[in-house]
Each structure stands twice: as C-alpha cells, then as structure tokens.
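The structure file my_file-v4.cif is reproduced below (mmCIF, C-alpha atoms; chains and numbers go by the auth columns).
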```
data_protein
#
loop_
_atom_site.group_PDB
_atom_site.id
_atom_site.type_symbol
_atom_site.label_atom_id
_atom_site.label_comp_id
_atom_site.label_asym_id
_atom_site.label_seq_id
_atom_site.Cartn_x
_atom_site.Cartn_y
_atom_site.Cartn_z
_atom_site.B_iso_or_equiv
_atom_site.auth_seq_id
_atom_site.auth_asym_id
ATOM 1 C CA MET A 1 106.549 79.730 77.628 0.00 60 A
ATOM 2 C CA LYS A 2 106.133 83.278 76.412 0.00 61 A
ATOM 3 C CA ASN A 3 108.598 85.903 77.587 0.00 62 A
ATOM 4 C CA LEU A 4 106.262 88.208 79.523 0.00 63 A
ATOM 5 C CA VAL A 5 107.151 91.660 80.827 0.00 64 A
ATOM 6 C CA PHE A 6 107.376 92.163 84.588 0.00 65 A
ATOM 7 C CA ASP A 7 108.911 95.483 85.656 0.00 66 A
ATOM 8 C CA PHE A 8 108.894 96.949 89.157 0.00 67 A
ATOM 9 C CA SER A 9 110.365 100.349 89.925 0.00 68 A
ATOM 10 C CA ILE A 10 110.279 102.663 92.925 0.00 69 A
ATOM 11 C CA ASP A 11 110.881 106.409 92.719 0.00 70 A
ATOM 12 C CA LYS A 12 111.213 107.876 96.206 0.00 71 A
ATOM 13 C CA SER A 13 111.421 111.448 94.863 0.00 72 A
ATOM 14 C CA SER A 14 107.851 111.192 93.526 0.00 73 A
ATOM 15 C CA LYS A 15 106.714 108.717 96.250 0.00 74 A
ATOM 16 C CA THR A 16 105.605 106.385 93.450 0.00 75 A
ATOM 17 C CA ALA A 17 105.929 102.717 92.611 0.00 76 A
ATOM 18 C CA LEU A 18 105.283 101.509 89.067 0.00 77 A
ATOM 19 C CA VAL A 19 104.527 97.887 88.263 0.00 78 A
ATOM 20 C CA VAL A 20 104.044 96.634 84.701 0.00 79 A
ATOM 21 C CA LYS A 21 103.066 92.973 84.353 0.00 80 A
ATOM 22 C CA GLN A 22 101.899 90.964 81.375 0.00 81 A
ATOM 23 C CA PHE A 23 99.654 87.926 81.688 0.00 82 A
ATOM 24 C CA ASP A 24 99.109 85.130 79.174 0.00 83 A
ATOM 25 C CA ALA A 25 95.343 85.469 79.484 0.00 84 A
ATOM 26 C CA ALA A 26 92.467 87.388 77.900 0.00 85 A
ATOM 27 C CA LEU A 27 91.653 90.878 79.130 0.00 86 A
ATOM 28 C CA ASP A 28 88.219 89.835 80.465 0.00 87 A
ATOM 29 C CA LEU A 29 89.746 87.147 82.678 0.00 88 A
ATOM 30 C CA VAL A 30 92.538 89.393 84.002 0.00 89 A
ATOM 31 C CA TRP A 31 90.020 92.192 84.711 0.00 90 A
ATOM 32 C CA ASP A 32 87.838 89.732 86.649 0.00 91 A
ATOM 33 C CA ALA A 33 90.871 88.547 88.643 0.00 92 A
ATOM 34 C CA PHE A 34 91.413 92.106 89.886 0.00 93 A
ATOM 35 C CA THR A 35 87.755 93.027 90.421 0.00 94 A
ATOM 36 C CA LYS A 36 85.903 89.942 91.685 0.00 95 A
ATOM 37 C CA GLN A 37 86.210 88.954 95.327 0.00 96 A
ATOM 38 C CA GLU A 38 86.116 85.204 94.731 0.00 97 A
ATOM 39 C CA ILE A 39 89.146 85.408 92.406 0.00 98 A
ATOM 40 C CA LEU A 40 91.014 88.153 94.306 0.00 99 A
ATOM 41 C CA ASP A 41 91.059 86.084 97.476 0.00 100 A
ATOM 42 C CA GLN A 42 92.828 83.269 95.604 0.00 101 A
ATOM 43 C CA TRP A 43 95.932 85.367 94.915 0.00 102 A
ATOM 44 C CA TRP A 44 95.986 88.833 96.596 0.00 103 A
ATOM 45 C CA ALA A 45 98.500 87.860 99.295 0.00 104 A
ATOM 46 C CA PRO A 46 102.036 86.469 99.183 0.00 105 A
ATOM 47 C CA LYS A 47 102.083 82.788 100.109 0.00 106 A
ATOM 48 C CA PRO A 48 101.807 81.408 102.777 0.00 107 A
ATOM 49 C CA TRP A 49 99.585 84.380 103.686 0.00 108 A
ATOM 50 C CA ALA A 50 95.955 84.422 102.534 0.00 109 A
ATOM 51 C CA SER A 51 93.620 87.205 101.459 0.00 110 A
ATOM 52 C CA GLN A 52 90.229 87.215 103.175 0.00 111 A
ATOM 53 C CA THR A 53 87.688 89.757 101.988 0.00 112 A
ATOM 54 C CA LYS A 54 85.105 90.765 104.575 0.00 113 A
ATOM 55 C CA SER A 55 83.141 92.982 102.169 0.00 114 A
ATOM 56 C CA MET A 56 83.531 94.268 98.616 0.00 115 A
ATOM 57 C CA ASP A 57 81.405 96.670 96.579 0.00 116 A
ATOM 58 C CA PHE A 58 83.149 97.249 93.236 0.00 117 A
ATOM 59 C CA GLN A 59 81.640 100.568 92.189 0.00 118 A
ATOM 60 C CA VAL A 60 82.719 104.194 92.436 0.00 119 A
ATOM 61 C CA GLY A 61 82.266 105.130 96.090 0.00 120 A
ATOM 62 C CA GLY A 62 82.286 101.465 97.106 0.00 121 A
ATOM 63 C CA ARG A 63 85.066 99.696 98.921 0.00 122 A
ATOM 64 C CA ARG A 64 86.823 96.438 99.629 0.00 123 A
ATOM 65 C CA PHE A 65 87.608 95.655 103.261 0.00 124 A
ATOM 66 C CA TYR A 66 89.952 92.715 103.620 0.00 125 A
ATOM 67 C CA ALA A 67 92.727 91.182 105.657 0.00 126 A
ATOM 68 C CA MET A 68 95.995 89.532 104.804 0.00 127 A
ATOM 69 C CA VAL A 69 96.085 86.625 107.207 0.00 128 A
ATOM 70 C CA SER A 70 99.281 84.921 108.342 0.00 129 A
ATOM 71 C CA PRO A 71 99.526 81.120 108.651 0.00 130 A
ATOM 72 C CA GLU A 72 99.216 81.670 112.423 0.00 131 A
ATOM 73 C CA GLY A 73 95.933 83.547 111.935 0.00 132 A
ATOM 74 C CA GLN A 74 97.208 87.098 112.485 0.00 133 A
ATOM 75 C CA ALA A 75 95.137 89.527 110.369 0.00 134 A
ATOM 76 C CA HIS A 76 96.452 92.773 108.850 0.00 135 A
ATOM 77 C CA TRP A 77 93.438 94.793 107.653 0.00 136 A
ATOM 78 C CA SER A 78 93.206 97.198 104.715 0.00 137 A
ATOM 79 C CA VAL A 79 90.542 99.252 102.993 0.00 138 A
ATOM 80 C CA GLN A 80 90.376 100.060 99.285 0.00 139 A
ATOM 81 C CA GLU A 81 87.929 102.841 98.371 0.00 140 A
ATOM 82 C CA TYR A 82 87.102 102.883 94.645 0.00 141 A
ATOM 83 C CA THR A 83 87.383 106.364 93.115 0.00 142 A
ATOM 84 C CA ALA A 84 87.093 105.624 89.374 0.00 143 A
ATOM 85 C CA ILE A 85 86.075 102.656 87.223 0.00 144 A
ATOM 86 C CA ASN A 86 86.206 102.418 83.434 0.00 145 A
ATOM 87 C CA PRO A 87 85.233 98.788 82.721 0.00 146 A
ATOM 88 C CA LYS A 88 87.969 96.590 81.248 0.00 147 A
ATOM 89 C CA THR A 89 90.458 99.484 80.950 0.00 148 A
ATOM 90 C CA ASN A 90 91.061 101.237 84.279 0.00 149 A
ATOM 91 C CA PHE A 91 90.122 101.513 87.912 0.00 150 A
ATOM 92 C CA LYS A 92 91.508 103.529 90.795 0.00 151 A
ATOM 93 C CA TYR A 93 91.273 103.320 94.538 0.00 152 A
ATOM 94 C CA LEU A 94 92.579 104.848 97.710 0.00 153 A
ATOM 95 C CA ASN A 95 94.286 102.205 99.828 0.00 154 A
ATOM 96 C CA ALA A 96 94.934 102.425 103.553 0.00 155 A
ATOM 97 C CA PHE A 97 95.818 100.071 106.355 0.00 156 A
ATOM 98 C CA ALA A 98 92.874 99.763 108.721 0.00 157 A
ATOM 99 C CA ASP A 99 91.744 98.387 112.045 0.00 158 A
ATOM 100 C CA GLN A 100 89.523 95.327 112.322 0.00 159 A
ATOM 101 C CA ASP A 101 86.418 97.556 112.139 0.00 160 A
ATOM 102 C CA GLY A 102 87.432 99.084 108.793 0.00 161 A
ATOM 103 C CA ASN A 103 88.619 102.451 110.099 0.00 162 A
ATOM 104 C CA PRO A 104 91.505 103.545 107.852 0.00 163 A
ATOM 105 C CA HIS A 105 94.930 104.539 109.175 0.00 164 A
ATOM 106 C CA LEU A 106 95.903 107.541 107.080 0.00 165 A
ATOM 107 C CA PRO A 107 97.924 108.542 105.173 0.00 166 A
ATOM 108 C CA GLY A 108 97.325 105.990 102.472 0.00 167 A
ATOM 109 C CA SER A 109 98.184 105.517 98.825 0.00 168 A
ATOM 110 C CA GLU A 110 96.448 105.997 95.480 0.00 169 A
ATOM 111 C CA TRP A 111 96.452 102.978 93.158 0.00 170 A
ATOM 112 C CA ASP A 112 95.808 103.357 89.421 0.00 171 A
ATOM 113 C CA PHE A 113 95.319 100.147 87.383 0.00 172 A
ATOM 114 C CA ASN A 114 95.424 100.255 83.564 0.00 173 A
ATOM 115 C CA PHE A 115 94.571 97.200 81.455 0.00 174 A
ATOM 116 C CA SER A 116 95.270 96.585 77.779 0.00 175 A
ATOM 117 C CA GLN A 117 95.365 93.543 75.513 0.00 176 A
ATOM 118 C CA GLY A 118 97.650 93.088 72.533 0.00 177 A
ATOM 119 C CA ASP A 119 96.849 91.301 69.275 0.00 178 A
ATOM 120 C CA ASP A 120 98.753 88.299 70.657 0.00 179 A
ATOM 121 C CA GLY A 121 96.189 87.806 73.447 0.00 180 A
ATOM 122 C CA ILE A 122 98.622 89.003 76.121 0.00 181 A
ATOM 123 C CA THR A 123 97.073 91.334 78.687 0.00 182 A
ATOM 124 C CA GLN A 124 99.202 94.024 80.280 0.00 183 A
ATOM 125 C CA VAL A 125 98.413 95.618 83.626 0.00 184 A
ATOM 126 C CA ARG A 126 100.154 98.854 84.542 0.00 185 A
ATOM 127 C CA ILE A 127 99.837 99.750 88.227 0.00 186 A
ATOM 128 C CA THR A 128 100.923 103.143 89.524 0.00 187 A
ATOM 129 C CA ILE A 129 100.988 103.502 93.307 0.00 188 A
ATOM 130 C CA TYR A 130 101.335 107.024 94.662 0.00 189 A
ATOM 131 C CA ASN A 131 101.948 107.362 98.404 0.00 190 A
ATOM 132 C CA ASP A 132 100.631 110.340 100.328 0.00 191 A
ATOM 133 C CA SER A 133 103.844 110.511 102.325 0.00 192 A
ATOM 134 C CA LEU A 134 107.451 109.410 101.958 0.00 193 A
ATOM 135 C CA GLU A 135 107.189 107.874 105.427 0.00 194 A
ATOM 136 C CA ARG A 136 104.345 105.594 104.281 0.00 195 A
ATOM 137 C CA MET A 137 106.271 104.594 101.179 0.00 196 A
ATOM 138 C CA GLU A 138 109.332 103.764 103.250 0.00 197 A
ATOM 139 C CA GLN A 139 107.117 101.744 105.625 0.00 198 A
ATOM 140 C CA MET A 140 105.803 99.744 102.642 0.00 199 A
ATOM 141 C CA ILE A 141 109.373 99.132 101.427 0.00 200 A
ATOM 142 C CA GLU A 142 110.483 98.041 104.911 0.00 201 A
ATOM 143 C CA MET A 143 107.519 95.642 105.110 0.00 202 A
ATOM 144 C CA GLY A 144 108.825 93.927 101.972 0.00 203 A
ATOM 145 C CA PHE A 145 106.211 95.317 99.601 0.00 204 A
ATOM 146 C CA GLN A 146 108.229 94.775 96.418 0.00 205 A
ATOM 147 C CA GLY A 147 109.028 91.141 97.166 0.00 206 A
ATOM 148 C CA GLY A 148 105.560 90.402 98.491 0.00 207 A
ATOM 149 C CA PHE A 149 103.726 92.060 95.604 0.00 208 A
ATOM 150 C CA THR A 150 106.000 90.291 93.100 0.00 209 A
ATOM 151 C CA MET A 151 105.106 86.936 94.705 0.00 210 A
ATOM 152 C CA THR A 152 101.431 87.910 94.683 0.00 211 A
ATOM 153 C CA LEU A 153 101.367 88.835 90.989 0.00 212 A
ATOM 154 C CA ASN A 154 103.272 85.659 90.112 0.00 213 A
ATOM 155 C CA GLU A 155 100.610 83.674 92.001 0.00 214 A
ATOM 156 C CA LEU A 156 98.025 85.333 89.770 0.00 215 A
ATOM 157 C CA ASP A 157 99.745 83.626 86.815 0.00 216 A
ATOM 158 C CA ASN A 158 98.949 80.270 88.468 0.00 217 A
ATOM 159 C CA VAL A 159 95.340 81.228 89.195 0.00 218 A
ATOM 160 C CA LEU A 160 94.805 82.444 85.613 0.00 219 A
ATOM 161 C CA ALA A 161 96.242 79.203 84.220 0.00 220 A
ATOM 162 C CA THR A 162 93.733 77.251 86.309 0.00 221 A
ATOM 163 C CA LEU A 163 90.805 79.489 85.346 0.00 222 A
ATOM 164 C CA LYS A 164 91.645 79.253 81.608 0.00 223 A
ATOM 165 C CA LYS A 165 91.153 75.465 81.654 0.00 224 A
#
```

Rewrite the structure of this file - the entire thing - as structure tokens.
Amino acid sequence: MKNLVFDFSIDKSSKTALVVKQFDAALDLVWDAFTKQEILDQWWAPKPWASQTKSMDFQVGGRRFYAMVSPEGQAHWSVQEYTAINPKTNFKYLNAFADQDGNPHLPGSEWDFNFSQGDDGITQVRITIYNDSLERMEQMIEMGFQGGFTMTLNELDNVLATLKK
C-alpha cells in the first residue's frame, strides 16, 4: 500500500482547521466523490452514522441540504451553500447546522476544497475550514469533529477502492 499523506491541524487563533488528504485514485473520481450526491451519501458521515441528502444543486448559488443520521434515526441537519466552483480544482461553500426545514443556524464556517493530482496518479485534497466564531469552532471540536471527519475521509478510501473496480 502506498504511504499517503493525511494531516489534520487546528489553529484556534485563526479559527481554522486544515486537512490535507491524499487518495490513491484519479482526480476525476475524487472530484465526483465530493460533488455528486449518490457518492457523497456513501461516505460523508462517520460510521455507524449515515449521510442522507434531501436536496443538492452543485452550482454557484446552489446548496446541499442533508442530515447525518444516527443508527437510532436521529437526524442532525446541515446546509452547504456553494459560493465558488472551478471544476476539478476547487470549490467553496458556507456550511451551517440547520433545522429540519433547511433554515441555517448561524454562525457557520467557510470550507475551501482544493484538488490536485500528481504524476503518480495520487490525488490530494486540501480542505481549509474557517469558522466565523471561536465558539463555533470549539463546539465542532467538542462534538468530535476531528475524529469524526478522519473516520469519514478514511471511509472515502473504501468507497473509492470499490468505485475503481
């Protein structure tokens, strides 16, 4: 198995989390995994939770409205509003927790995804998450964001391996 980069750092002074993860998959496939509802719902939640997208419109000004659903059926809703898309290289969105009707609970966070592929076929995704408030960032940390997001991105490795076949 290839030794792939996976770095996760949190800087409270700038209210920012930085995640750098490499995937043993082509850029097109990794991009699709982050931007297509049918693939996102296979991995965008730490197991045993599940991601369930209610609606998704991947375009600038569009949004994804989804829930992370516990094994007991408890739904935690979020909204992602797309603010920039540069196909196969970058997209950005504003993320906020929401109620079941899609009304965001502000403040939220700004997510910036950057994709690149090396000559070796390895795709790197660099995710910068800027929180509007230190309180929100601390809430994310208390909710186990780092551990949960690490599990989620590792699950993507499994999904990509299946999709490559």

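Nearest to Leu99 of chain A of all the residues A:Thr148, A:Thr211, A:Thr182, A:Gln198 is A:Thr211, counting only C-alpha atoms.
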
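For the structure in this document, the set picked by the PyMOL selection byres ((chain A and resi 220) around 12) is Phe82, Asp83, Ala84, Ala85, Leu88, Val89, Ala92, Asn213, Glu214, Leu215, Asp216, Asn217, Val218, Leu219, Thr221, Leu222, Lys223 and Lys224 of chain A.
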
Mind telling me what the PyMOL selection byres ((chain A and resi 133) around 12) catches here, as a PDB file with C-alpha atoms, keeping the file's coordinate frame?
```pdb
ATOM      1  CA  TRP A 108      99.585  84.380 103.686  1.00  0.00           C
ATOM      2  CA  ALA A 109      95.955  84.422 102.534  1.00  0.00           C
ATOM      3  CA  SER A 110      93.620  87.205 101.459  1.00  0.00           C
ATOM      4  CA  GLN A 111      90.229  87.215 103.175  1.00  0.00           C
ATOM      5  CA  ALA A 126      92.727  91.182 105.657  1.00  0.00           C
ATOM      6  CA  MET A 127      95.995  89.532 104.804  1.00  0.00           C
ATOM      7  CA  VAL A 128      96.085  86.625 107.207  1.00  0.00           C
ATOM      8  CA  SER A 129      99.281  84.921 108.342  1.00  0.00           C
ATOM      9  CA  PRO A 130      99.526  81.120 108.651  1.00  0.00           C
ATOM     10  CA  GLU A 131      99.216  81.670 112.423  1.00  0.00           C
ATOM     11  CA  GLY A 132      95.933  83.547 111.935  1.00  0.00           C
ATOM     12  CA  ALA A 134      95.137  89.527 110.369  1.00  0.00           C
ATOM     13  CA  HIS A 135      96.452  92.773 108.850  1.00  0.00           C
ATOM     14  CA  TRP A 136      93.438  94.793 107.653  1.00  0.00           C
ATOM     15  CA  GLN A 159      89.523  95.327 112.322  1.00  0.00           C
TER      16      GLN A 159
END
```

The PyMOL selection byres ((chain A and resi 124) around 12) - which residues does that actually catch in the file I just gave you? List them as number ranges by chain. A: 96, 100, 110-117, 121-123, 125-127, 135-141, 153-163

Measuring between all atoms listed in the file, which one of A:Pro146, A:Asn173, A:Pro107, A:Lys71 shows the shortest distance to Arg195 of chain A? A:Lys71

Shortest interatomic distance to Val78 of chain A - which of A:Asn62, A:Glu169, A:Arg185, A:Leu212, counting only C-alpha atoms: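 Closest to Val78 of chain A of all the choices is A:Arg185.
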
Quick one: pull the distance between atom CA of Lys95 of chain A and atom CA of Ile144 of chain A, Å, one decimal. 13.5 Å

Enter the distance from atom CA of His164 of chain A to atom CA of Asp191 of chain A, in Å, rounded to one decimal.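 Between atom CA of His164 of chain A and atom CA of Asp191 of chain A the gap works out to 12.0 Å.
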
With all atoms listed in the file as the basis for distance, which of A:Val119, A:Leu165, A:Pro105, A:Asp66 is at the shortest distance from Gly203 of chain A?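 Of the candidates, the smallest distance to Gly203 of chain A is held by A:Pro105.
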
Take segment 152-185 of chain A, model N, CA and C atoms, and hand the result over as a PDB file, in the coordinates of the input.
```
ATOM      1  N   TYR A 152      91.764 103.299  93.170  1.00  0.00           N
ATOM      2  CA  TYR A 152      91.273 103.320  94.538  1.00  0.00           C
ATOM      3  C   TYR A 152      92.275 103.955  95.467  1.00  0.00           C
ATOM      4  N   LEU A 153      91.744 104.399  96.608  1.00  0.00           N
ATOM      5  CA  LEU A 153      92.579 104.848  97.710  1.00  0.00           C
ATOM      6  C   LEU A 153      92.754 103.650  98.624  1.00  0.00           C
ATOM      7  N   ASN A 154      93.972 103.358  98.997  1.00  0.00           N
ATOM      8  CA  ASN A 154      94.286 102.205  99.828  1.00  0.00           C
ATOM      9  C   ASN A 154      94.854 102.700 101.154  1.00  0.00           C
ATOM     10  N   ALA A 155      94.392 102.082 102.239  1.00  0.00           N
ATOM     11  CA  ALA A 155      94.934 102.425 103.553  1.00  0.00           C
ATOM     12  C   ALA A 155      94.892 101.195 104.444  1.00  0.00           C
ATOM     13  N   PHE A 156      95.893 101.078 105.306  1.00  0.00           N
ATOM     14  CA  PHE A 156      95.818 100.071 106.355  1.00  0.00           C
ATOM     15  C   PHE A 156      94.635 100.457 107.233  1.00  0.00           C
ATOM     16  N   ALA A 157      94.072  99.481 107.934  1.00  0.00           N
ATOM     17  CA  ALA A 157      92.874  99.763 108.721  1.00  0.00           C
ATOM     18  C   ALA A 157      92.872  98.914 109.985  1.00  0.00           C
ATOM     19  N   ASP A 158      91.950  99.253 110.890  1.00  0.00           N
ATOM     20  CA  ASP A 158      91.744  98.387 112.045  1.00  0.00           C
ATOM     21  C   ASP A 158      90.704  97.330 111.686  1.00  0.00           C
ATOM     22  N   GLN A 159      90.415  96.453 112.611  1.00  0.00           N
ATOM     23  CA  GLN A 159      89.523  95.327 112.322  1.00  0.00           C
ATOM     24  C   GLN A 159      88.071  95.764 112.088  1.00  0.00           C
ATOM     25  N   ASP A 160      87.762  97.033 112.378  1.00  0.00           N
ATOM     26  CA  ASP A 160      86.418  97.556 112.139  1.00  0.00           C
ATOM     27  C   ASP A 160      86.326  98.353 110.839  1.00  0.00           C
ATOM     28  N   GLY A 161      87.438  98.401 110.083  1.00  0.00           N
ATOM     29  CA  GLY A 161      87.432  99.084 108.793  1.00  0.00           C
ATOM     30  C   GLY A 161      87.749 100.559 108.849  1.00  0.00           C
ATOM     31  N   ASN A 162      88.224 101.045 109.990  1.00  0.00           N
ATOM     32  CA  ASN A 162      88.619 102.451 110.099  1.00  0.00           C
ATOM     33  C   ASN A 162      90.032 102.608 109.547  1.00  0.00           C
ATOM     34  N   PRO A 163      90.187 103.431 108.479  1.00  0.00           N
ATOM     35  CA  PRO A 163      91.505 103.545 107.852  1.00  0.00           C
ATOM     36  C   PRO A 163      92.522 104.281 108.708  1.00  0.00           C
ATOM     37  N   HIS A 164      93.791 103.854 108.564  1.00  0.00           N
ATOM     38  CA  HIS A 164      94.930 104.539 109.175  1.00  0.00           C
ATOM     39  C   HIS A 164      95.587 105.368 108.071  1.00  0.00           C
ATOM     40  N   LEU A 165      95.360 106.671 108.120  1.00  0.00           N
ATOM     41  CA  LEU A 165      95.903 107.541 107.080  1.00  0.00           C
ATOM     42  C   LEU A 165      97.276 108.040 107.506  1.00  0.00           C
ATOM     43  N   PRO A 166      98.158 108.416 106.610  1.00  0.00           N
ATOM     44  CA  PRO A 166      97.924 108.542 105.173  1.00  0.00           C
ATOM     45  C   PRO A 166      97.909 107.187 104.471  1.00  0.00           C
ATOM     46  N   GLY A 167      97.402 107.207 103.262  1.00  0.00           N
ATOM     47  CA  GLY A 167      97.325 105.990 102.472  1.00  0.00           C
ATOM     48  C   GLY A 167      98.063 106.150 101.158  1.00  0.00           C
ATOM     49  N   SER A 168      97.581 105.433 100.155  1.00  0.00           N
ATOM     50  CA  SER A 168      98.184 105.517  98.825  1.00  0.00           C
ATOM     51  C   SER A 168      97.085 105.426  97.777  1.00  0.00           C
ATOM     52  N   GLU A 169      97.378 106.024  96.608  1.00  0.00           N
ATOM     53  CA  GLU A 169      96.448 105.997  95.480  1.00  0.00           C
ATOM     54  C   GLU A 169      96.960 104.967  94.478  1.00  0.00           C
ATOM     55  N   TRP A 170      96.100 104.027  94.111  1.00  0.00           N
ATOM     56  CA  TRP A 170      96.452 102.978  93.158  1.00  0.00           C
ATOM     57  C   TRP A 170      95.686 103.222  91.866  1.00  0.00           C
ATOM     58  N   ASP A 171      96.390 103.129  90.746  1.00  0.00           N
ATOM     59  CA  ASP A 171      95.808 103.357  89.421  1.00  0.00           C
ATOM     60  C   ASP A 171      96.161 102.147  88.556  1.00  0.00           C
ATOM     61  N   PHE A 172      95.142 101.374  88.171  1.00  0.00           N
ATOM     62  CA  PHE A 172      95.319 100.147  87.383  1.00  0.00           C
ATOM     63  C   PHE A 172      94.875 100.397  85.953  1.00  0.00           C
ATOM     64  N   ASN A 173      95.756 100.117  84.983  1.00  0.00           N
ATOM     65  CA  ASN A 173      95.424 100.255  83.564  1.00  0.00           C
ATOM     66  C   ASN A 173      95.623  98.916  82.874  1.00  0.00           C
ATOM     67  N   PHE A 174      94.593  98.498  82.120  1.00  0.00           N
ATOM     68  CA  PHE A 174      94.571  97.200  81.455  1.00  0.00           C
ATOM     69  C   PHE A 174      94.535  97.384  79.954  1.00  0.00           C
ATOM     70  N   SER A 175      95.316  96.577  79.243  1.00  0.00           N
ATOM     71  CA  SER A 175      95.270  96.585  77.779  1.00  0.00           C
ATOM     72  C   SER A 175      95.625  95.192  77.271  1.00  0.00           C
ATOM     73  N   GLN A 176      95.078  94.849  76.107  1.00  0.00           N
ATOM     74  CA  GLN A 176      95.365  93.543  75.513  1.00  0.00           C
ATOM     75  C   GLN A 176      95.942  93.740  74.123  1.00  0.00           C
ATOM     76  N   GLY A 177      97.027  93.029  73.851  1.00  0.00           N
ATOM     77  CA  GLY A 177      97.650  93.088  72.533  1.00  0.00           C
ATOM     78  C   GLY A 177      96.997  92.104  71.576  1.00  0.00           C
ATOM     79  N   ASP A 178      97.369  92.201  70.302  1.00  0.00           N
ATOM     80  CA  ASP A 178      96.849  91.301  69.275  1.00  0.00           C
ATOM     81  C   ASP A 178      97.231  89.851  69.538  1.00  0.00           C
ATOM     82  N   ASP A 179      98.282  89.650  70.349  1.00  0.00           N
ATOM     83  CA  ASP A 179      98.753  88.299  70.657  1.00  0.00           C
ATOM     84  C   ASP A 179      97.988  87.647  71.808  1.00  0.00           C
ATOM     85  N   GLY A 180      96.972  88.354  72.351  1.00  0.00           N
ATOM     86  CA  GLY A 180      96.189  87.806  73.447  1.00  0.00           C
ATOM     87  C   GLY A 180      96.806  88.033  74.815  1.00  0.00           C
ATOM     88  N   ILE A 181      97.954  88.694  74.856  1.00  0.00           N
ATOM     89  CA  ILE A 181      98.622  89.003  76.121  1.00  0.00           C
ATOM     90  C   ILE A 181      97.986  90.254  76.721  1.00  0.00           C
ATOM     91  N   THR A 182      97.646  90.188  77.999  1.00  0.00           N
ATOM     92  CA  THR A 182      97.073  91.334  78.687  1.00  0.00           C
ATOM     93  C   THR A 182      98.138  91.970  79.567  1.00  0.00           C
ATOM     94  N   GLN A 183      98.253  93.283  79.455  1.00  0.00           N
ATOM     95  CA  GLN A 183      99.202  94.024  80.280  1.00  0.00           C
ATOM     96  C   GLN A 183      98.451  94.836  81.318  1.00  0.00           C
ATOM     97  N   VAL A 184      98.954  94.801  82.548  1.00  0.00           N
ATOM     98  CA  VAL A 184      98.413  95.618  83.626  1.00  0.00           C
ATOM     99  C   VAL A 184      99.532  96.549  84.084  1.00  0.00           C
ATOM    100  N   ARG A 185      99.210  97.831  84.096  1.00  0.00           N
ATOM    101  CA  ARG A 185     100.154  98.854  84.542  1.00  0.00           C
ATOM    102  C   ARG A 185      99.575  99.452  85.821  1.00  0.00           C
TER     103      ARG A 185
END
```
